Amino acid sequence: MQTLRLDHGQPIHHQAPISRVLLLLGATAALVAFMALQDINDKTQKLDTDMQQLQQPRRSSGLRLDAKENVGKRDEILAVKGVMAELALPWQPLFKTLESLSTPDIKLLALEPNPKQHKVRITAESSDIGLMLEYVQKLARQPVLKDVFLLTHEHTEGGAMPIRFVVEAAWVQ
């Protein structure tokens with residue numbers, strides 16, 4: 001039978017130079033990641049501060065505006081916000097929907113968006129009341145539009161399209 005020897009003492013491990021290099025690389029990577037995170041946090045805080053200043057400008061700034069300039073600035077800001085809201089409309093889906101429903105019996109006259117209420121008002125003419133109602137029903141079945149209502153319609157004399165009507169619909173966001 002063979003004898004088995006057990007040595008419970010702590011053996012001396014010689015560390016390979018590669019393990020020290022890997023440890024140094026890991027510590028350097030952690031330090032670089034920490035510095036990048038600090039930089040990102042600083043930039044985020046600066047952006048938050050800038051955003052708060054833009055949303056709530058200080059009333060006590062050294063630059064004083066008189067009443068006319070203040071009203072002018074406010075009107076300019078409102079105009080810019082209105083243009084931005086109109087640019088954010090889903091024009092492409094709306095136009096594709098209306099183009100897919102176009103027929104020679106229905107003639108579109110106007111398309112008036114209302115960005116604040118997310119609604120569009122469509123003014124059109126039809127040769128027949130039945131065709132007008134069918135067109136409104138087709139609009140109501142479109143996935144881009146909801147809450148489609150016939151607001152007004154009137155019969156006019158002497159034209160190829162004697163029925164003029166207005167439809168209002170909300171667009172799906």
# chains A, B, ... in the order shown; residues from 1 in each chain; ligands from 1
>>> select_by_dssp(residues="chain A", states="strand (DSSP E)", output="MDAnalysis selection string")
chainID A and resid 106:114 119:126 145:155 163:171
>>> closest_residue(among="A:Arg164, A:Leu89, A:Leu131, A:Leu31", to="Gln117 of chain A", atoms="only C-alpha atoms")
A:Leu89
>>> atom_distance(atom1="atom CA of Ser126 of chain A", atom2="atom CA of Leu108 of chain A")
8.9 Å
>>> select_by_dssp(residues="segment 34-151 of chain A", states="alpha helix (DSSP H)", output="PyMOL selection string")
chain A and resi 34-55+67-87+91-100+129-140
>>> atom_distance(atom1="atom CA of Ile106 of chain A", atom2="atom CA of Pro90 of chain A")
22.7 Å
>>> atom_distance(atom1="atom CA of Leu145 of chain A", atom2="atom CA of Trp171 of chain A")
4.5 Å
>>> residues_around(residues="Pro113 of chain A", least_positions_apart="5", cutoff="10 Å", atoms="only C-alpha atoms", output="list of chain:residue names")
A:Glu86, A:Leu89, A:Trp91, A:His118, A:Lys119, A:Val120, A:Arg121, A:Ile122, A:Glu168, A:Ala169, A:Ala170, A:Trp171
>>> write_last_selection(atoms="N, CA and C atoms", output="PDB file, in the first residue's frame")
ATOM      1  N   GLU A  86     -46.679  72.738 -34.948  1.00  0.00           N
ATOM      2  CA  GLU A  86     -47.143  72.383 -36.284  1.00  0.00           C
ATOM      3  C   GLU A  86     -46.160  71.461 -36.990  1.00  0.00           C
ATOM      4  N   LEU A  89     -46.579  67.707 -36.197  1.00  0.00           N
ATOM      5  CA  LEU A  89     -47.788  66.999 -36.631  1.00  0.00           C
ATOM      6  C   LEU A  89     -47.417  65.761 -37.442  1.00  0.00           C
ATOM      7  N   TRP A  91     -47.765  64.657 -40.350  1.00  0.00           N
ATOM      8  CA  TRP A  91     -48.187  65.024 -41.702  1.00  0.00           C
ATOM      9  C   TRP A  91     -48.197  63.837 -42.647  1.00  0.00           C
ATOM     10  N   HIS A 118     -54.814  68.493 -31.024  1.00  0.00           N
ATOM     11  CA  HIS A 118     -54.482  67.300 -31.810  1.00  0.00           C
ATOM     12  C   HIS A 118     -55.645  66.926 -32.729  1.00  0.00           C
ATOM     13  N   LYS A 119     -56.204  67.944 -33.377  1.00  0.00           N
ATOM     14  CA  LYS A 119     -57.323  67.723 -34.274  1.00  0.00           C
ATOM     15  C   LYS A 119     -57.014  68.311 -35.637  1.00  0.00           C
ATOM     16  N   VAL A 120     -57.722  67.804 -36.628  1.00  0.00           N
ATOM     17  CA  VAL A 120     -57.616  68.327 -37.981  1.00  0.00           C
ATOM     18  C   VAL A 120     -59.031  68.551 -38.501  1.00  0.00           C
ATOM     19  N   ARG A 121     -59.215  69.668 -39.200  1.00  0.00           N
ATOM     20  CA  ARG A 121     -60.518  69.999 -39.775  1.00  0.00           C
ATOM     21  C   ARG A 121     -60.374  69.899 -41.293  1.00  0.00           C
ATOM     22  N   ILE A 122     -61.231  69.094 -41.900  1.00  0.00           N
ATOM     23  CA  ILE A 122     -61.186  68.842 -43.333  1.00  0.00           C
ATOM     24  C   ILE A 122     -62.427  69.460 -43.967  1.00  0.00           C
ATOM     25  N   GLU A 168     -64.323  67.031 -38.692  1.00  0.00           N
ATOM     26  CA  GLU A 168     -63.260  67.224 -37.706  1.00  0.00           C
ATOM     27  C   GLU A 168     -62.875  65.867 -37.148  1.00  0.00           C
ATOM     28  N   ALA A 169     -61.567  65.652 -37.001  1.00  0.00           N
ATOM     29  CA  ALA A 169     -61.076  64.374 -36.490  1.00  0.00           C
ATOM     30  C   ALA A 169     -59.829  64.627 -35.653  1.00  0.00           C
ATOM     31  N   ALA A 170     -59.642  63.788 -34.652  1.00  0.00           N
ATOM     32  CA  ALA A 170     -58.425  63.832 -33.853  1.00  0.00           C
ATOM     33  C   ALA A 170     -57.456  62.804 -34.423  1.00  0.00           C
ATOM     34  N   TRP A 171     -56.182  63.140 -34.416  1.00  0.00           N
ATOM     35  CA  TRP A 171     -55.210  62.166 -34.923  1.00  0.00           C
ATOM     36  C   TRP A 171     -54.628  61.384 -33.773  1.00  0.00           C
TER      37      TRP A 171
END
